[in-house]
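input-v1.cif (mmCIF, C-alpha atoms; chains and numbers go by the auth columns)
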data_structure
#
loop_
_atom_site.group_PDB
_atom_site.id
_atom_site.type_symbol
_atom_site.label_atom_id
_atom_site.label_comp_id
_atom_site.label_asym_id
_atom_site.label_seq_id
_atom_site.Cartn_x
_atom_site.Cartn_y
_atom_site.Cartn_z
_atom_site.B_iso_or_equiv
_atom_site.auth_seq_id
_atom_site.auth_asym_id
ATOM 1 C CA ALA A 1 -55.766 11.881 -22.423 0.00 1 A
ATOM 2 C CA LYS A 2 -58.725 9.806 -23.629 0.00 2 A
ATOM 3 C CA LEU A 3 -58.273 10.886 -27.233 0.00 3 A
ATOM 4 C CA SER A 4 -54.514 10.215 -27.269 0.00 4 A
ATOM 5 C CA ASN A 5 -55.063 6.772 -25.709 0.00 5 A
ATOM 6 C CA ARG A 6 -57.629 5.919 -28.411 0.00 6 A
ATOM 7 C CA ALA A 7 -55.225 7.078 -31.128 0.00 7 A
ATOM 8 C CA ALA A 8 -52.464 4.881 -29.671 0.00 8 A
ATOM 9 C CA GLU A 9 -54.877 1.908 -29.614 0.00 9 A
ATOM 10 C CA ARG A 10 -55.526 2.498 -33.341 0.00 10 A
ATOM 11 C CA GLY A 11 -51.772 2.252 -33.951 0.00 11 A
ATOM 12 C CA ARG A 12 -51.005 5.960 -34.333 0.00 12 A
ATOM 13 C CA LYS A 13 -47.471 7.061 -33.436 0.00 13 A
ATOM 14 C CA ASN A 14 -48.083 10.844 -33.146 0.00 14 A
ATOM 15 C CA PHE A 15 -50.919 12.960 -31.790 0.00 15 A
ATOM 16 C CA ARG A 16 -51.083 16.621 -32.811 0.00 16 A
ATOM 17 C CA VAL A 17 -52.950 19.137 -30.674 0.00 17 A
ATOM 18 C CA ALA A 18 -53.526 22.832 -31.430 0.00 18 A
ATOM 19 C CA SER A 19 -54.988 25.379 -29.036 0.00 19 A
ATOM 20 C CA LEU A 20 -56.266 28.595 -30.603 0.00 20 A
ATOM 21 C CA GLY A 21 -56.311 31.464 -28.113 0.00 21 A
ATOM 22 C CA CYS A 22 -54.322 29.271 -25.719 0.00 22 A
ATOM 23 C CA GLY A 23 -53.618 31.820 -22.976 0.00 23 A
ATOM 24 C CA PRO A 24 -51.196 30.340 -20.421 0.00 24 A
ATOM 25 C CA ALA A 25 -52.111 26.768 -21.543 0.00 25 A
ATOM 26 C CA GLN A 26 -52.026 25.451 -17.995 0.00 26 A
ATOM 27 C CA GLU A 27 -54.007 22.397 -19.124 0.00 27 A
ATOM 28 C CA VAL A 28 -51.094 21.351 -21.371 0.00 28 A
ATOM 29 C CA ALA A 29 -48.581 21.593 -18.517 0.00 29 A
ATOM 30 C CA ASN A 30 -50.976 19.672 -16.255 0.00 30 A
ATOM 31 C CA PHE A 31 -51.506 16.964 -18.879 0.00 31 A
ATOM 32 C CA LEU A 32 -47.781 16.491 -19.485 0.00 32 A
ATOM 33 C CA LYS A 33 -47.099 16.477 -15.751 0.00 33 A
ATOM 34 C CA SER A 34 -49.801 13.913 -14.978 0.00 34 A
ATOM 35 C CA MET A 35 -48.716 11.065 -17.220 0.00 35 A
ATOM 36 C CA THR A 36 -46.333 9.680 -19.786 0.00 36 A
ATOM 37 C CA PRO A 37 -48.228 9.976 -23.065 0.00 37 A
ATOM 38 C CA PRO A 38 -48.960 6.718 -24.911 0.00 38 A
ATOM 39 C CA LEU A 39 -47.544 8.214 -28.153 0.00 39 A
ATOM 40 C CA ASN A 40 -45.599 11.281 -29.263 0.00 40 A
ATOM 41 C CA MET A 41 -47.561 14.442 -28.426 0.00 41 A
ATOM 42 C CA GLU A 42 -47.068 17.592 -30.514 0.00 42 A
ATOM 43 C CA PHE A 43 -48.691 20.745 -29.109 0.00 43 A
ATOM 44 C CA THR A 44 -49.080 23.982 -31.064 0.00 44 A
ATOM 45 C CA LEU A 45 -50.138 26.861 -28.848 0.00 45 A
ATOM 46 C CA ILE A 46 -51.446 29.977 -30.615 0.00 46 A
ATOM 47 C CA ASP A 47 -52.182 33.307 -28.934 0.00 47 A
ATOM 48 C CA GLN A 48 -51.929 37.056 -29.472 0.00 48 A
ATOM 49 C CA ASP A 49 -50.379 37.683 -26.049 0.00 49 A
ATOM 50 C CA HIS A 50 -46.588 37.296 -25.989 0.00 50 A
ATOM 51 C CA ASP A 51 -46.601 37.061 -22.185 0.00 51 A
ATOM 52 C CA ALA A 52 -49.142 34.216 -22.244 0.00 52 A
ATOM 53 C CA LEU A 53 -47.065 32.338 -24.819 0.00 53 A
ATOM 54 C CA SER A 54 -43.900 32.892 -22.780 0.00 54 A
ATOM 55 C CA TYR A 55 -45.638 31.589 -19.661 0.00 55 A
ATOM 56 C CA ALA A 56 -47.002 28.582 -21.580 0.00 56 A
ATOM 57 C CA TYR A 57 -43.571 27.731 -22.933 0.00 57 A
ATOM 58 C CA ASN A 58 -41.866 28.105 -19.546 0.00 58 A
ATOM 59 C CA SER A 59 -44.491 26.006 -17.748 0.00 59 A
ATOM 60 C CA THR A 60 -44.398 23.184 -20.303 0.00 60 A
ATOM 61 C CA TYR A 61 -40.654 23.105 -20.974 0.00 61 A
ATOM 62 C CA PRO A 62 -39.712 21.116 -17.821 0.00 62 A
ATOM 63 C CA GLN A 63 -42.260 18.445 -18.733 0.00 63 A
ATOM 64 C CA VAL A 64 -41.142 18.317 -22.378 0.00 64 A
ATOM 65 C CA SER A 65 -37.555 17.826 -21.137 0.00 65 A
ATOM 66 C CA ARG A 66 -38.625 15.142 -18.663 0.00 66 A
ATOM 67 C CA LEU A 67 -40.460 13.189 -21.382 0.00 67 A
ATOM 68 C CA GLU A 68 -37.301 13.003 -23.553 0.00 68 A
ATOM 69 C CA GLY A 69 -38.810 13.268 -27.018 0.00 69 A
ATOM 70 C CA LYS A 70 -42.348 12.024 -26.239 0.00 70 A
ATOM 71 C CA ALA A 71 -43.690 15.609 -26.344 0.00 71 A
ATOM 72 C CA SER A 72 -43.013 18.896 -28.076 0.00 72 A
ATOM 73 C CA VAL A 73 -44.526 22.363 -27.705 0.00 73 A
ATOM 74 C CA LYS A 74 -44.491 25.104 -30.349 0.00 74 A
ATOM 75 C CA CYS A 75 -45.745 28.584 -29.518 0.00 75 A
ATOM 76 C CA LEU A 76 -47.083 30.744 -32.356 0.00 76 A
ATOM 77 C CA HIS A 77 -47.968 34.399 -32.074 0.00 77 A
ATOM 78 C CA ALA A 78 -51.062 35.517 -34.006 0.00 78 A
ATOM 79 C CA THR A 79 -53.186 38.629 -33.799 0.00 79 A
ATOM 80 C CA PHE A 80 -56.931 38.548 -33.184 0.00 80 A
ATOM 81 C CA LEU A 81 -57.451 39.333 -36.890 0.00 81 A
ATOM 82 C CA GLU A 82 -55.345 36.302 -37.770 0.00 82 A
ATOM 83 C CA PHE A 83 -57.564 34.232 -35.448 0.00 83 A
ATOM 84 C CA LEU A 84 -60.504 35.287 -37.611 0.00 84 A
ATOM 85 C CA ALA A 85 -58.651 33.939 -40.638 0.00 85 A
ATOM 86 C CA SER A 86 -57.979 30.661 -38.832 0.00 86 A
ATOM 87 C CA GLY A 87 -58.272 28.645 -42.050 0.00 87 A
ATOM 88 C CA LYS A 88 -55.297 30.464 -43.549 0.00 88 A
ATOM 89 C CA ARG A 89 -53.265 30.095 -40.324 0.00 89 A
ATOM 90 C CA PHE A 90 -54.018 26.393 -39.947 0.00 90 A
ATOM 91 C CA ARG A 91 -53.270 25.484 -43.572 0.00 91 A
ATOM 92 C CA LYS A 92 -49.622 26.181 -42.678 0.00 92 A
ATOM 93 C CA LEU A 93 -49.721 23.463 -40.002 0.00 93 A
ATOM 94 C CA GLU A 94 -50.045 19.735 -40.401 0.00 94 A
ATOM 95 C CA LYS A 95 -53.558 18.357 -39.921 0.00 95 A
ATOM 96 C CA GLN A 96 -54.374 18.061 -36.222 0.00 96 A
ATOM 97 C CA ASP A 97 -55.873 15.277 -34.096 0.00 97 A
ATOM 98 C CA LEU A 98 -57.375 17.774 -31.654 0.00 98 A
ATOM 99 C CA ILE A 99 -58.055 21.473 -32.089 0.00 99 A
ATOM 100 C CA TYR A 100 -59.627 23.471 -29.326 0.00 100 A
ATOM 101 C CA ALA A 101 -60.613 27.090 -28.840 0.00 101 A
ATOM 102 C CA VAL A 102 -62.295 27.557 -25.501 0.00 102 A
ATOM 103 C CA GLY A 103 -62.355 31.337 -25.033 0.00 103 A
ATOM 104 C CA LEU A 104 -62.649 32.656 -28.568 0.00 104 A
ATOM 105 C CA ALA A 105 -66.164 32.032 -29.919 0.00 105 A
ATOM 106 C CA ASP A 106 -67.471 34.231 -27.070 0.00 106 A
ATOM 107 C CA TYR A 107 -66.161 37.255 -28.992 0.00 107 A
ATOM 108 C CA LEU A 108 -67.576 36.306 -32.389 0.00 108 A
ATOM 109 C CA GLY A 109 -70.976 36.730 -33.967 0.00 109 A
ATOM 110 C CA LYS A 110 -72.713 33.747 -35.535 0.00 110 A
ATOM 111 C CA LYS A 111 -71.305 34.205 -39.049 0.00 111 A
ATOM 112 C CA ARG A 112 -67.674 34.527 -37.947 0.00 112 A
ATOM 113 C CA ALA A 113 -67.932 31.777 -35.323 0.00 113 A
ATOM 114 C CA THR A 114 -69.474 29.418 -37.906 0.00 114 A
ATOM 115 C CA ARG A 115 -66.681 30.191 -40.376 0.00 115 A
ATOM 116 C CA MET A 116 -64.094 29.538 -37.655 0.00 116 A
ATOM 117 C CA VAL A 117 -65.700 26.151 -36.896 0.00 117 A
ATOM 118 C CA ASP A 118 -65.704 25.307 -40.632 0.00 118 A
ATOM 119 C CA ASP A 119 -62.032 26.302 -41.020 0.00 119 A
ATOM 120 C CA LEU A 120 -60.828 24.441 -37.937 0.00 120 A
ATOM 121 C CA TYR A 121 -62.813 21.311 -38.817 0.00 121 A
ATOM 122 C CA ALA A 122 -61.178 21.280 -42.275 0.00 122 A
ATOM 123 C CA ASN A 123 -57.794 21.071 -40.541 0.00 123 A
ATOM 124 C CA LEU A 124 -58.531 17.893 -38.608 0.00 124 A
ATOM 125 C CA VAL A 125 -57.216 14.464 -39.555 0.00 125 A
ATOM 126 C CA PRO A 126 -59.910 11.811 -40.158 0.00 126 A
ATOM 127 C CA GLY A 127 -61.133 10.835 -36.694 0.00 127 A
ATOM 128 C CA GLY A 128 -59.928 14.182 -35.271 0.00 128 A
ATOM 129 C CA THR A 129 -61.831 16.201 -32.680 0.00 129 A
ATOM 130 C CA LEU A 130 -62.724 19.885 -32.559 0.00 130 A
ATOM 131 C CA MET A 131 -63.776 21.499 -29.261 0.00 131 A
ATOM 132 C CA ILE A 132 -65.271 24.992 -29.161 0.00 132 A
ATOM 133 C CA GLY A 133 -66.174 26.613 -25.851 0.00 133 A
ATOM 134 C CA CYS A 134 -68.564 29.505 -25.378 0.00 134 A
ATOM 135 C CA MET A 135 -70.335 31.151 -22.467 0.00 135 A
ATOM 136 C CA ARG A 136 -73.716 29.587 -21.866 0.00 136 A
ATOM 137 C CA THR A 137 -77.089 31.310 -21.862 0.00 137 A
ATOM 138 C CA SER A 138 -78.835 30.107 -18.713 0.00 138 A
ATOM 139 C CA ASP A 139 -80.610 31.270 -15.563 0.00 139 A
ATOM 140 C CA THR A 140 -77.233 31.284 -13.784 0.00 140 A
ATOM 141 C CA SER A 141 -75.369 33.071 -16.588 0.00 141 A
ATOM 142 C CA LEU A 142 -72.652 35.525 -15.549 0.00 142 A
ATOM 143 C CA GLU A 143 -73.585 37.835 -18.423 0.00 143 A
ATOM 144 C CA TRP A 144 -74.812 40.876 -16.523 0.00 144 A
ATOM 145 C CA GLN A 145 -72.048 40.810 -13.887 0.00 145 A
ATOM 146 C CA VAL A 146 -69.265 40.750 -16.468 0.00 146 A
ATOM 147 C CA GLU A 147 -70.835 43.431 -18.666 0.00 147 A
ATOM 148 C CA TYR A 148 -71.816 45.702 -15.780 0.00 148 A
ATOM 149 C CA ALA A 149 -68.677 45.386 -13.649 0.00 149 A
ATOM 150 C CA VAL A 150 -65.965 45.519 -16.303 0.00 150 A
ATOM 151 C CA ASP A 151 -67.755 46.498 -19.540 0.00 151 A
ATOM 152 C CA TRP A 152 -66.721 43.170 -21.039 0.00 152 A
ATOM 153 C CA THR A 153 -69.269 42.006 -23.590 0.00 153 A
ATOM 154 C CA LEU A 154 -69.279 38.322 -24.470 0.00 154 A
ATOM 155 C CA VAL A 155 -71.592 36.374 -26.751 0.00 155 A
ATOM 156 C CA HIS A 156 -73.602 33.867 -24.717 0.00 156 A
ATOM 157 C CA ARG A 157 -75.146 30.954 -26.623 0.00 157 A
ATOM 158 C CA THR A 158 -77.852 28.403 -26.010 0.00 158 A
ATOM 159 C CA GLU A 159 -77.284 24.711 -26.708 0.00 159 A
ATOM 160 C CA GLU A 160 -79.140 25.068 -30.019 0.00 160 A
ATOM 161 C CA GLU A 161 -77.027 28.088 -31.016 0.00 161 A
ATOM 162 C CA MET A 162 -73.872 26.091 -30.247 0.00 162 A
ATOM 163 C CA ARG A 163 -75.094 23.160 -32.335 0.00 163 A
ATOM 164 C CA ASP A 164 -75.930 25.577 -35.169 0.00 164 A
ATOM 165 C CA LEU A 165 -72.263 26.654 -35.402 0.00 165 A
ATOM 166 C CA ALA A 166 -71.599 23.225 -36.945 0.00 166 A
ATOM 167 C CA HIS A 167 -74.497 23.252 -39.427 0.00 167 A
ATOM 168 C CA ASN A 168 -72.177 23.449 -42.495 0.00 168 A
ATOM 169 C CA LEU A 169 -70.138 20.410 -41.533 0.00 169 A
ATOM 170 C CA ASP A 170 -70.180 16.896 -42.873 0.00 170 A
ATOM 171 C CA SER A 171 -73.421 15.183 -41.816 0.00 171 A
ATOM 172 C CA GLU A 172 -71.418 12.134 -40.691 0.00 172 A
ATOM 173 C CA ALA A 173 -69.464 14.177 -38.143 0.00 173 A
ATOM 174 C CA THR A 174 -70.616 13.552 -34.588 0.00 174 A
ATOM 175 C CA ARG A 175 -71.729 16.588 -32.621 0.00 175 A
ATOM 176 C CA GLU A 176 -72.029 16.705 -28.866 0.00 176 A
ATOM 177 C CA ILE A 177 -72.778 19.574 -26.519 0.00 177 A
ATOM 178 C CA SER A 178 -71.649 19.392 -22.918 0.00 178 A
ATOM 179 C CA VAL A 179 -71.575 21.874 -20.072 0.00 179 A
ATOM 180 C CA ASP A 180 -68.361 22.422 -18.132 0.00 180 A
ATOM 181 C CA SER A 181 -68.141 21.751 -14.406 0.00 181 A
ATOM 182 C CA THR A 182 -68.917 25.396 -13.534 0.00 182 A
ATOM 183 C CA GLY A 183 -72.196 25.290 -15.454 0.00 183 A
ATOM 184 C CA HIS A 184 -71.286 28.540 -17.241 0.00 184 A
ATOM 185 C CA CYS A 185 -69.697 27.269 -20.459 0.00 185 A
ATOM 186 C CA HIS A 186 -70.917 25.100 -23.349 0.00 186 A
ATOM 187 C CA LEU A 187 -68.481 22.849 -25.154 0.00 187 A
ATOM 188 C CA LEU A 188 -69.287 21.916 -28.737 0.00 188 A
ATOM 189 C CA ILE A 189 -67.396 18.694 -29.442 0.00 189 A
ATOM 190 C CA ILE A 190 -67.231 17.580 -33.073 0.00 190 A
ATOM 191 C CA THR A 191 -65.532 14.414 -34.272 0.00 191 A
ATOM 192 C CA LYS A 192 -64.636 13.974 -37.921 0.00 192 A
ATOM 193 C CA PRO A 193 -65.441 10.537 -39.355 0.00 193 A
ATOM 194 C CA LEU A 194 -62.513 8.135 -39.928 0.00 194 A
#

Translate the structure described by the file into structure tokens.
Amino acid sequence: AKLSNRAAERGRKNFRVASLGCGPAQEVANFLKSMTPPLNMEFTLIDQDHDALSYAYNSTYPQVSRLEGKASVKCLHATFLEFLASGKRFRKLEKQDLIYAVGLADYLGKKRATRMVDDLYANLVPGGTLMIGCMRTSDTSLEWQVEYAVDWTLVHRTEEEMRDLAHNLDSEATREISVDSTGHCHLLIITKPL
């Protein structure tokens, strides 16, 4: 909401948002339900799970209809391997104002995660924002419970390791690391210069 308001203040008419590994995209439905956007919002939701995309479409459709042209939602199916080639996938889309991938970097080693950050950053408009989420290495990490209970291995990263994912990017890009409200996830927030 903050980013779309700032774009509207700068005179922008459209705001494009892409979510890579979107899952059910409940945050998009919640956003559209909570307000009338200050400009036209275009969401592109990308996932490998057809059921998640179907749910995302069905949960956002009533809000898109209610907003009468102020919002649109496209759902794109992509395999996990296509996620890894995110640069190729995103070159087919228009440049985005916001790209986020909150549950994807957890599955990638440093080299692949860095390449994903590079590719997604290249597909931002000037002034655009990239948000990458990853499980956090900390004293309260959920690492052992998840691996022991369900044999689900995730890559946990420190703040410095998160920052390092953006080491190839433009030196003028702003980089911020924040911790989500649960304390278990880092968010790397990168803003491309105008």

#### Entry: Selection result for the PyMOL selection byres ((chain A and resi 33-37) around 9) on this file, as a ChimeraX atom specification
/A:1,4-5,28-32,38-41,60,62-63,67,70-71

### Query
Could you work out how far CA of Lys74 (chain A) lies from CA of Asp49 (chain A), giving the answer in Å with one decimal?
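CA of Lys74 (chain A) lies at a distance of 14.5 Å from CA of Asp49 (chain A).
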
### Query
From the list A:Val155, A:Leu120, A:Leu76, A:Ala25, which residue is nearest Lys95 (chain A) when using only C-alpha atoms?
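Looking only at the distances to Lys95 (chain A), the closest residue turns out to be A:Leu120.
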
### Query
Which neighbours of region 97-113 of chain A fall inside 7 Å, counting only C-alpha atoms, when residues of the same chain fewer than 5 positions from it are skipped, and could you give them as a count of residues only?
21

### Task
Give me the result of the PyMOL selection byres ((chain A and resi 162) around 9) on this file, residue by residue, as an MDAnalysis selection string.
chainID A and resid 132:134 157:161 163:166 177 186:188

Given the selection you just returned, output its residues as a file containing C-alpha atoms, formatted as a short mmCIF file (atom, residue, chain, number, x, y, z; two decimals), keeping the file's coordinate frame.
data_model
loop_
_atom_site.label_atom_id
_atom_site.label_comp_id
_atom_site.auth_asym_id
_atom_site.auth_seq_id
_atom_site.Cartn_x
_atom_site.Cartn_y
_atom_site.Cartn_z
CA ILE A 132 -65.27 24.99 -29.16
CA GLY A 133 -66.17 26.61 -25.85
CA CYS A 134 -68.56 29.50 -25.38
CA ARG A 157 -75.15 30.95 -26.62
CA THR A 158 -77.85 28.40 -26.01
CA GLU A 159 -77.28 24.71 -26.71
CA GLU A 160 -79.14 25.07 -30.02
CA GLU A 161 -77.03 28.09 -31.02
CA ARG A 163 -75.09 23.16 -32.34
CA ASP A 164 -75.93 25.58 -35.17
CA LEU A 165 -72.26 26.65 -35.40
CA ALA A 166 -71.60 23.22 -36.94
CA ILE A 177 -72.78 19.57 -26.52
CA HIS A 186 -70.92 25.10 -23.35
CA LEU A 187 -68.48 22.85 -25.15
CA LEU A 188 -69.29 21.92 -28.74
#

Name every residue that the PyMOL selection byres ((chain A and resi 173) around 9) selects in this structure, writing the answer as an mmCIF file with C-alpha atoms, in the frame of the given file with chains first and numbers rising.
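Result went into out-v9.cif, see below:
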data_model
loop_
_atom_site.group_PDB
_atom_site.id
_atom_site.type_symbol
_atom_site.label_atom_id
_atom_site.label_comp_id
_atom_site.auth_asym_id
_atom_site.auth_seq_id
_atom_site.Cartn_x
_atom_site.Cartn_y
_atom_site.Cartn_z
ATOM 1 C CA LEU A 169 -70.138 20.410 -41.533
ATOM 2 C CA ASP A 170 -70.180 16.896 -42.873
ATOM 3 C CA SER A 171 -73.421 15.183 -41.816
ATOM 4 C CA GLU A 172 -71.418 12.134 -40.691
ATOM 5 C CA THR A 174 -70.616 13.552 -34.588
ATOM 6 C CA ARG A 175 -71.729 16.588 -32.621
ATOM 7 C CA ILE A 190 -67.231 17.580 -33.073
ATOM 8 C CA THR A 191 -65.532 14.414 -34.272
ATOM 9 C CA LYS A 192 -64.636 13.974 -37.921
ATOM 10 C CA PRO A 193 -65.441 10.537 -39.355
#

### Task
Figure out the distance between CA of Val73 (chain A) and CA of Lys2 (chain A), please, to one decimal in Å.
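About the pair CA of Lys2 (chain A) and CA of Val73 (chain A): they are 19.4 Å apart.
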
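CA of Thr44 (chain A) is found 14.2 Å from CA of Asn58 (chain A).
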
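Among the candidates A:Leu45, A:Arg12, A:Asp51, A:Asn123, the one nearest to Lys92 (chain A) when counting all atoms listed in the file is A:Asn123.
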
### Query
For His167 (chain A), which residue out of A:Ala52, A:Val117, A:Ile46, A:Ala78 is the nearest one, using all atoms listed in the file?
A:Val117

### Task
Between A:Leu3, A:Cys75, A:Leu53, A:Met116, single out the one closest to Pro24 (chain A), counting all atoms listed in the file.
A:Leu53

Emit region 50-59 of chain A of the structure in the block as a file comprising all heavy atoms, as a tab-separated table (two decimals), in the first residue's frame.
chain	number	residue	atom	x	y	z
A	50	HIS	N	-1.07	-25.62	-9.48
A	50	HIS	CA	-2.32	-25.20	-10.13
A	50	HIS	C	-3.40	-24.89	-9.10
A	50	HIS	O	-4.17	-23.94	-9.27
A	50	HIS	CB	-2.82	-26.28	-11.09
A	50	HIS	CG	-2.04	-26.38	-12.36
A	50	HIS	ND1	-2.08	-25.43	-13.35
A	50	HIS	CD2	-1.17	-27.33	-12.79
A	50	HIS	CE1	-1.29	-25.77	-14.34
A	50	HIS	NE2	-0.71	-26.93	-14.03
A	51	ASP	N	-3.49	-25.69	-8.04
A	51	ASP	CA	-4.51	-25.47	-7.02
A	51	ASP	C	-4.30	-24.13	-6.31
A	51	ASP	O	-5.27	-23.41	-6.02
A	51	ASP	CB	-4.53	-26.61	-5.99
A	51	ASP	CG	-5.04	-27.91	-6.58
A	51	ASP	OD1	-5.78	-27.86	-7.60
A	51	ASP	OD2	-4.69	-28.98	-6.04
A	52	ALA	N	-3.05	-23.79	-6.02
A	52	ALA	CA	-2.76	-22.50	-5.38
A	52	ALA	C	-3.15	-21.35	-6.29
A	52	ALA	O	-3.75	-20.37	-5.84
A	52	ALA	CB	-1.28	-22.40	-5.00
A	53	LEU	N	-2.84	-21.48	-7.58
A	53	LEU	CA	-3.20	-20.42	-8.53
A	53	LEU	C	-4.72	-20.30	-8.66
A	53	LEU	O	-5.26	-19.19	-8.73
A	53	LEU	CB	-2.58	-20.69	-9.90
A	53	LEU	CG	-1.07	-20.49	-9.98
A	53	LEU	CD1	-0.54	-20.99	-11.31
A	53	LEU	CD2	-0.69	-19.04	-9.75
A	54	SER	N	-5.41	-21.43	-8.68
A	54	SER	CA	-6.87	-21.41	-8.76
A	54	SER	C	-7.46	-20.73	-7.53
A	54	SER	O	-8.37	-19.89	-7.64
A	54	SER	CB	-7.39	-22.84	-8.88
A	54	SER	OG	-8.79	-22.85	-8.95
A	55	TYR	N	-6.93	-21.07	-6.36
A	55	TYR	CA	-7.40	-20.44	-5.12
A	55	TYR	C	-7.13	-18.93	-5.17
A	55	TYR	O	-8.00	-18.12	-4.82
A	55	TYR	CB	-6.71	-21.07	-3.91
A	55	TYR	CG	-7.16	-20.45	-2.60
A	55	TYR	CD1	-8.25	-20.96	-1.93
A	55	TYR	CD2	-6.51	-19.33	-2.07
A	55	TYR	CE1	-8.70	-20.39	-0.75
A	55	TYR	CE2	-6.95	-18.75	-0.90
A	55	TYR	CZ	-8.04	-19.28	-0.24
A	55	TYR	OH	-8.48	-18.69	0.92
A	56	ALA	N	-5.92	-18.55	-5.59
A	56	ALA	CA	-5.56	-17.13	-5.66
A	56	ALA	C	-6.51	-16.37	-6.59
A	56	ALA	O	-7.00	-15.29	-6.25
A	56	ALA	CB	-4.11	-16.97	-6.13
A	57	TYR	N	-6.78	-16.96	-7.74
A	57	TYR	CA	-7.68	-16.30	-8.69
A	57	TYR	C	-9.08	-16.16	-8.09
A	57	TYR	O	-9.69	-15.09	-8.15
A	57	TYR	CB	-7.73	-17.08	-10.00
A	57	TYR	CG	-8.60	-16.41	-11.03
A	57	TYR	CD1	-8.11	-15.34	-11.77
A	57	TYR	CD2	-9.92	-16.81	-11.22
A	57	TYR	CE1	-8.91	-14.69	-12.69
A	57	TYR	CE2	-10.73	-16.16	-12.14
A	57	TYR	CZ	-10.22	-15.10	-12.87
A	57	TYR	OH	-11.02	-14.46	-13.77
A	58	ASN	N	-9.59	-17.24	-7.52
A	58	ASN	CA	-10.95	-17.21	-6.96
A	58	ASN	C	-11.07	-16.26	-5.77
A	58	ASN	O	-12.13	-15.66	-5.57
A	58	ASN	CB	-11.40	-18.62	-6.56
A	58	ASN	CG	-11.67	-19.48	-7.77
A	58	ASN	OD1	-12.06	-18.99	-8.83
A	58	ASN	ND2	-11.43	-20.78	-7.65
A	59	SER	N	-10.02	-16.13	-4.98
A	59	SER	CA	-10.10	-15.23	-3.82
A	59	SER	C	-9.92	-13.76	-4.20
A	59	SER	O	-10.39	-12.88	-3.49
A	59	SER	CB	-9.10	-15.63	-2.74
A	59	SER	OG	-7.78	-15.39	-3.16
